[in-house]
Amino acid sequence: EAGVAQSPRYKIIEKRQSVAFWCNPISGHATLYWYQQILGQGPKLLIQFQNNGVVDDSQLPKDRFSAERLKGVDSTLKIQPAKLEDSAVYLCASFEQGNYEQYFGPGTRLTVT
Amino acid sequence: GQSLEQPSEVTAVEGAIVQINCTYQTSGFYGLSWYQQHDGGAPTFLSYNALDGLEETGRFSSFLSRSDSYGYLLLQELQMKDSASYFCAVRDRNTGGFKTIFGAGTRLFVKA
């Protein structure tokens, strides 16, 4: 089966610009996560979707970050405006009910200059 | 709040055995997972423990003690390709089901 797809793989932007990331989870996986992973740290959950509904966005900086999963399949994460501290890898993961394993995409490495 | 603690770095030689410990504090604990991440790569799932005891999968084993809020990952017959970061992660209850909280990771260096 195809894995989790993410694009772009790399993005370099200047501070105050906007950027968007795309994720297509494994087919049939109702749960989708976006994580931020800063170099040398573990993944930090930004937002969790169950189908097209938000389950947990308690750690999402809502003044600049937004995410949607309109049809319960693919998802986009947007940052506007970006700050230097947003430089990180943004990981998307999907999860199948009744399982324990999260499947991660390759991530998008964002550099804000 | 929720917190996980694991050593930042571990070094071992090829063929040896290494244990990576993890202690956690969480309110709605359901289980403990371990993930491996090579530099530049995505985290990949290694194991999951919901009940006390040892789970073995090939060269890797994982242990959980719920009463001690403690677990470990045991890697045997170390190979150079095992050099990576290893994350313990707590499966915790949230309003919509479950979420996973990751530790900061342990960087394992395997030397020849």
# chains A, B, ... in the order shown; residues from 1 in each chain; ligands from 1
>>> residues_around(residues="Leu51 (chain B)", least_positions_apart="4", cutoff="12 Å", atoms="only C-alpha atoms", output="list in words")
Phe29, Tyr30, Gly31, Leu32, Ser33, Glu55, Ser62, Phe63, Leu64, Ser65, Arg66, Ser67, Ser69, Tyr70 and Gly71 of chain B
>>> write_last_selection(atoms="C-alpha atoms", output="short mmCIF file (atom, residue, chain, number, x, y, z; two decimals), in the first residue's frame")
data_model
loop_
_atom_site.label_atom_id
_atom_site.label_comp_id
_atom_site.auth_asym_id
_atom_site.auth_seq_id
_atom_site.Cartn_x
_atom_site.Cartn_y
_atom_site.Cartn_z
CA PHE B 29 -1.92 6.71 29.93
CA TYR B 30 -2.85 3.92 27.55
CA GLY B 31 0.46 2.63 26.31
CA LEU B 32 4.08 3.28 25.43
CA SER B 33 5.49 3.21 21.92
CA GLU B 55 7.57 -7.57 24.13
CA SER B 62 10.46 -3.26 24.79
CA PHE B 63 9.46 -3.34 28.43
CA LEU B 64 6.78 -1.54 30.40
CA SER B 65 6.06 -1.14 34.11
CA ARG B 66 2.87 0.87 34.53
CA SER B 67 3.23 1.05 38.30
CA SER B 69 5.71 4.80 34.89
CA TYR B 70 8.80 3.36 33.26
CA GLY B 71 9.75 1.55 30.13
#
>>> interface_residues(of="chain B", to="chain A", cutoff="10 Å", atoms="only C-alpha atoms", output="PyMOL selection string")
chain B and resi 8+31-35+37+40-50+85-89+91+94-107
>>> write_last_selection(atoms="N, CA and C atoms", output="tab-separated table (two decimals), in the first residue's frame")
chain	number	residue	atom	x	y	z
B	8	SER	N	19.76	11.68	26.52
B	8	SER	CA	19.92	12.38	25.25
B	8	SER	C	20.82	11.61	24.28
B	31	GLY	N	-0.61	3.52	26.73
B	31	GLY	CA	0.46	2.63	26.31
B	31	GLY	C	1.70	3.41	25.93
B	32	LEU	N	2.79	2.68	25.75
B	32	LEU	CA	4.08	3.28	25.43
B	32	LEU	C	4.59	2.72	24.12
B	33	SER	N	4.94	3.61	23.22
B	33	SER	CA	5.49	3.21	21.92
B	33	SER	C	6.94	3.61	21.82
B	34	TRP	N	7.63	2.98	20.90
B	34	TRP	CA	8.99	3.36	20.54
B	34	TRP	C	9.07	3.54	19.03
B	35	TYR	N	9.75	4.63	18.64
B	35	TYR	CA	9.96	4.94	17.23
B	35	TYR	C	11.45	5.15	16.99
B	37	GLN	N	14.24	6.93	14.28
B	37	GLN	CA	14.34	7.94	13.24
B	37	GLN	C	15.81	8.11	12.85
B	40	GLY	N	17.42	12.73	8.79
B	40	GLY	CA	16.78	13.09	7.53
B	40	GLY	C	15.58	12.24	7.18
B	41	GLY	N	15.28	11.27	8.03
B	41	GLY	CA	14.18	10.37	7.73
B	41	GLY	C	12.97	10.61	8.61
B	42	ALA	N	11.94	9.86	8.36
B	42	ALA	CA	10.72	9.95	9.15
B	42	ALA	C	10.77	8.94	10.29
B	43	PRO	N	10.09	9.22	11.39
B	43	PRO	CA	10.00	8.22	12.46
B	43	PRO	C	9.31	6.96	11.96
B	44	THR	N	9.83	5.80	12.36
B	44	THR	CA	9.18	4.53	12.03
B	44	THR	C	8.92	3.77	13.31
B	45	PHE	N	7.79	3.12	13.34
B	45	PHE	CA	7.30	2.43	14.53
B	45	PHE	C	8.14	1.19	14.82
B	46	LEU	N	8.48	1.00	16.10
B	46	LEU	CA	9.21	-0.19	16.51
B	46	LEU	C	8.34	-1.12	17.36
B	47	SER	N	7.68	-0.55	18.37
B	47	SER	CA	6.96	-1.42	19.30
B	47	SER	C	5.93	-0.63	20.09
B	48	TYR	N	5.02	-1.39	20.71
B	48	TYR	CA	3.99	-0.79	21.56
B	48	TYR	C	3.74	-1.72	22.73
B	49	ASN	N	3.72	-1.14	23.94
B	49	ASN	CA	3.38	-1.89	25.15
B	49	ASN	C	2.18	-1.24	25.82
B	50	ALA	N	1.13	-2.01	25.99
B	50	ALA	CA	-0.02	-1.53	26.75
B	50	ALA	C	-0.05	-2.15	28.15
B	85	SER	N	18.10	8.05	16.09
B	85	SER	CA	17.44	8.55	17.29
B	85	SER	C	16.26	7.66	17.62
B	86	TYR	N	16.06	7.44	18.91
B	86	TYR	CA	14.97	6.58	19.37
B	86	TYR	C	14.07	7.39	20.31
B	87	PHE	N	12.79	7.38	20.01
B	87	PHE	CA	11.82	8.17	20.77
B	87	PHE	C	10.86	7.25	21.51
B	88	CYS	N	10.71	7.49	22.79
B	88	CYS	CA	9.58	6.87	23.47
B	88	CYS	C	8.40	7.82	23.33
B	89	ALA	N	7.22	7.26	23.29
B	89	ALA	CA	6.03	8.05	23.05
B	89	ALA	C	4.87	7.46	23.82
B	91	ARG	N	0.97	6.98	24.55
B	91	ARG	CA	-0.37	7.06	23.97
B	91	ARG	C	-1.30	7.54	25.08
B	94	ASN	N	-7.29	11.75	24.65
B	94	ASN	CA	-7.77	13.13	24.50
B	94	ASN	C	-9.25	13.09	24.15
B	95	THR	N	-9.82	14.22	23.88
B	95	THR	CA	-11.27	14.30	23.74
B	95	THR	C	-11.79	13.48	22.58
B	96	GLY	N	-10.99	13.32	21.54
B	96	GLY	CA	-11.47	12.62	20.37
B	96	GLY	C	-10.97	11.21	20.23
B	97	GLY	N	-10.26	10.75	21.24
B	97	GLY	CA	-9.70	9.40	21.12
B	97	GLY	C	-8.35	9.35	21.78
B	98	PHE	N	-7.31	9.25	20.98
B	98	PHE	CA	-5.96	9.12	21.51
B	98	PHE	C	-5.03	10.08	20.79
B	99	LYS	N	-4.01	10.51	21.51
B	99	LYS	CA	-2.92	11.24	20.88
B	99	LYS	C	-1.62	10.65	21.39
B	100	THR	N	-0.56	10.94	20.68
B	100	THR	CA	0.77	10.43	21.03
B	100	THR	C	1.67	11.60	21.38
B	101	ILE	N	2.30	11.50	22.54
B	101	ILE	CA	3.22	12.52	23.01
B	101	ILE	C	4.62	11.93	22.98
B	102	PHE	N	5.51	12.58	22.26
B	102	PHE	CA	6.85	12.06	22.07
B	102	PHE	C	7.84	12.66	23.06
B	103	GLY	N	8.80	11.84	23.46
B	103	GLY	CA	9.93	12.34	24.23
B	103	GLY	C	10.89	13.07	23.32
B	104	ALA	N	11.95	13.59	23.91
B	104	ALA	CA	12.93	14.38	23.16
B	104	ALA	C	13.87	13.51	22.33
B	105	GLY	N	13.90	12.22	22.62
B	105	GLY	CA	14.71	11.31	21.82
B	105	GLY	C	16.06	11.01	22.42
B	106	THR	N	16.54	9.81	22.14
B	106	THR	CA	17.87	9.37	22.53
B	106	THR	C	18.65	9.08	21.27
B	107	ARG	N	19.76	9.75	21.13
B	107	ARG	CA	20.59	9.54	19.95
B	107	ARG	C	21.55	8.39	20.25
>>> select_by_dssp(residues="chain B", states="strand (DSSP E or B)", output="ChimeraX atom specification")
/B:3-5,9-13,18-25,29-37,44-49,53-57,60-65,70-75,84-94,97-102,106-111
>>> closest_residue(among="A:Asn24, A:Gln59, A:Ser7, A:Asn51", to="Gln36 (chain A)", atoms="only C-alpha atoms")
A:Gln59
>>> closest_residue(among="A:Ala67, A:Ala30, A:Glu96, A:Pro25", to="Leu46 (chain A)", atoms="only C-alpha atoms")
A:Ala67
>>> residues_around(residues="Gln2 (chain B)", least_positions_apart="4", cutoff="8 Å", atoms="only C-alpha atoms", output="list in words")
Tyr24, Gln25, Thr26 and Ser27 of chain B
>>> residues_around(residues="Arg64 (chain A)", least_positions_apart="5", cutoff="9 Å", atoms="only C-alpha atoms", output="list in words")
Lys78, Ile79, Gln80, Pro81 and Ala82 of chain A
>>> residues_around(residues="Phe21 (chain A)", least_positions_apart="3", cutoff="9 Å", atoms="only C-alpha atoms", output="list in words")
Gln6, Ser7, Pro8, Ser75, Thr76, Leu77, Lys78, Ile79, Tyr90 and Thr108 of chain A
>>> residues_around(residues="Glu77 (chain B)", least_positions_apart="2", cutoff="8 Å", atoms="only C-alpha atoms", output="MDAnalysis selection string")
chainID B and resid 14:17 59 75 79
>>> residues_around(residues="Met80 (chain B)", least_positions_apart="2", cutoff="9 Å", atoms="only C-alpha atoms", output="ChimeraX atom specification")
/B:13-14,78,82-83,109-112
>>> closest_residue(among="B:Thr57, B:Gln36, B:Gln19, B:Ser3", to="Leu74 (chain B)", atoms="only C-alpha atoms")
B:Gln19
>>> closest_residue(among="B:Phe60, B:Arg93, B:Ala84, B:Gly53", to="Asp39 (chain B)", atoms="only C-alpha atoms")
B:Ala84
>>> atom_distance(atom1="CA of Ser61 (chain B)", atom2="CA of Leu32 (chain A)")
27.7 Å
>>> decode(residues="region 30-98 of chain B", atoms="C-alpha atoms", output="CSV table (one decimal), in the first residue's frame")
chain,number,residue,atom,x,y,z
B,30,TYR,CA,-2.9,3.9,27.6
B,31,GLY,CA,0.5,2.6,26.3
B,32,LEU,CA,4.1,3.3,25.4
B,33,SER,CA,5.5,3.2,21.9
B,34,TRP,CA,9.0,3.4,20.5
B,35,TYR,CA,10.0,4.9,17.2
B,36,GLN,CA,13.2,5.0,15.4
B,37,GLN,CA,14.3,7.9,13.2
B,38,HIS,CA,17.4,8.1,11.1
B,39,ASP,CA,18.9,11.5,10.2
B,40,GLY,CA,16.8,13.1,7.5
B,41,GLY,CA,14.2,10.4,7.7
B,42,ALA,CA,10.7,10.0,9.2
B,43,PRO,CA,10.0,8.2,12.5
B,44,THR,CA,9.2,4.5,12.0
B,45,PHE,CA,7.3,2.4,14.5
B,46,LEU,CA,9.2,-0.2,16.5
B,47,SER,CA,7.0,-1.4,19.3
B,48,TYR,CA,4.0,-0.8,21.6
B,49,ASN,CA,3.4,-1.9,25.2
B,50,ALA,CA,0.0,-1.5,26.7
B,51,LEU,CA,0.5,-4.1,29.5
B,52,ASP,CA,3.3,-4.7,31.9
B,53,GLY,CA,6.1,-6.9,30.7
B,54,LEU,CA,8.4,-7.5,27.8
B,55,GLU,CA,7.6,-7.6,24.1
B,56,GLU,CA,10.1,-9.0,21.8
B,57,THR,CA,10.4,-8.3,18.1
B,58,GLY,CA,13.6,-9.7,16.6
B,59,ARG,CA,16.6,-7.9,17.9
B,60,PHE,CA,14.5,-5.3,19.6
B,61,SER,CA,12.5,-5.7,22.9
B,62,SER,CA,10.5,-3.3,24.8
B,63,PHE,CA,9.5,-3.3,28.4
B,64,LEU,CA,6.8,-1.5,30.4
B,65,SER,CA,6.1,-1.1,34.1
B,66,ARG,CA,2.9,0.9,34.5
B,67,SER,CA,3.2,1.1,38.3
B,68,ASP,CA,6.7,2.7,37.9
B,69,SER,CA,5.7,4.8,34.9
B,70,TYR,CA,8.8,3.4,33.3
B,71,GLY,CA,9.8,1.6,30.1
B,72,TYR,CA,12.8,0.7,28.1
B,73,LEU,CA,13.9,-0.3,24.7
B,74,LEU,CA,16.5,-3.1,24.5
B,75,LEU,CA,18.5,-3.4,21.3
B,76,GLN,CA,20.6,-6.6,20.9
B,77,GLU,CA,23.4,-7.5,18.5
B,78,LEU,CA,23.9,-3.9,17.6
B,79,GLN,CA,24.6,-3.1,14.0
B,80,MET,CA,26.0,0.1,12.5
B,81,LYS,CA,22.6,0.7,10.9
B,82,ASP,CA,21.0,1.0,14.3
B,83,SER,CA,22.7,4.4,14.7
B,84,ALA,CA,19.7,6.7,14.9
B,85,SER,CA,17.4,8.5,17.3
B,86,TYR,CA,15.0,6.6,19.4
B,87,PHE,CA,11.8,8.2,20.8
B,88,CYS,CA,9.6,6.9,23.5
B,89,ALA,CA,6.0,8.1,23.0
B,90,VAL,CA,3.1,7.9,25.3
B,91,ARG,CA,-0.4,7.1,24.0
B,92,ASP,CA,-2.6,9.4,25.9
B,93,ARG,CA,-6.3,9.9,26.0
B,94,ASN,CA,-7.8,13.1,24.5
B,95,THR,CA,-11.3,14.3,23.7
B,96,GLY,CA,-11.5,12.6,20.4
B,97,GLY,CA,-9.7,9.4,21.1
B,98,PHE,CA,-6.0,9.1,21.5
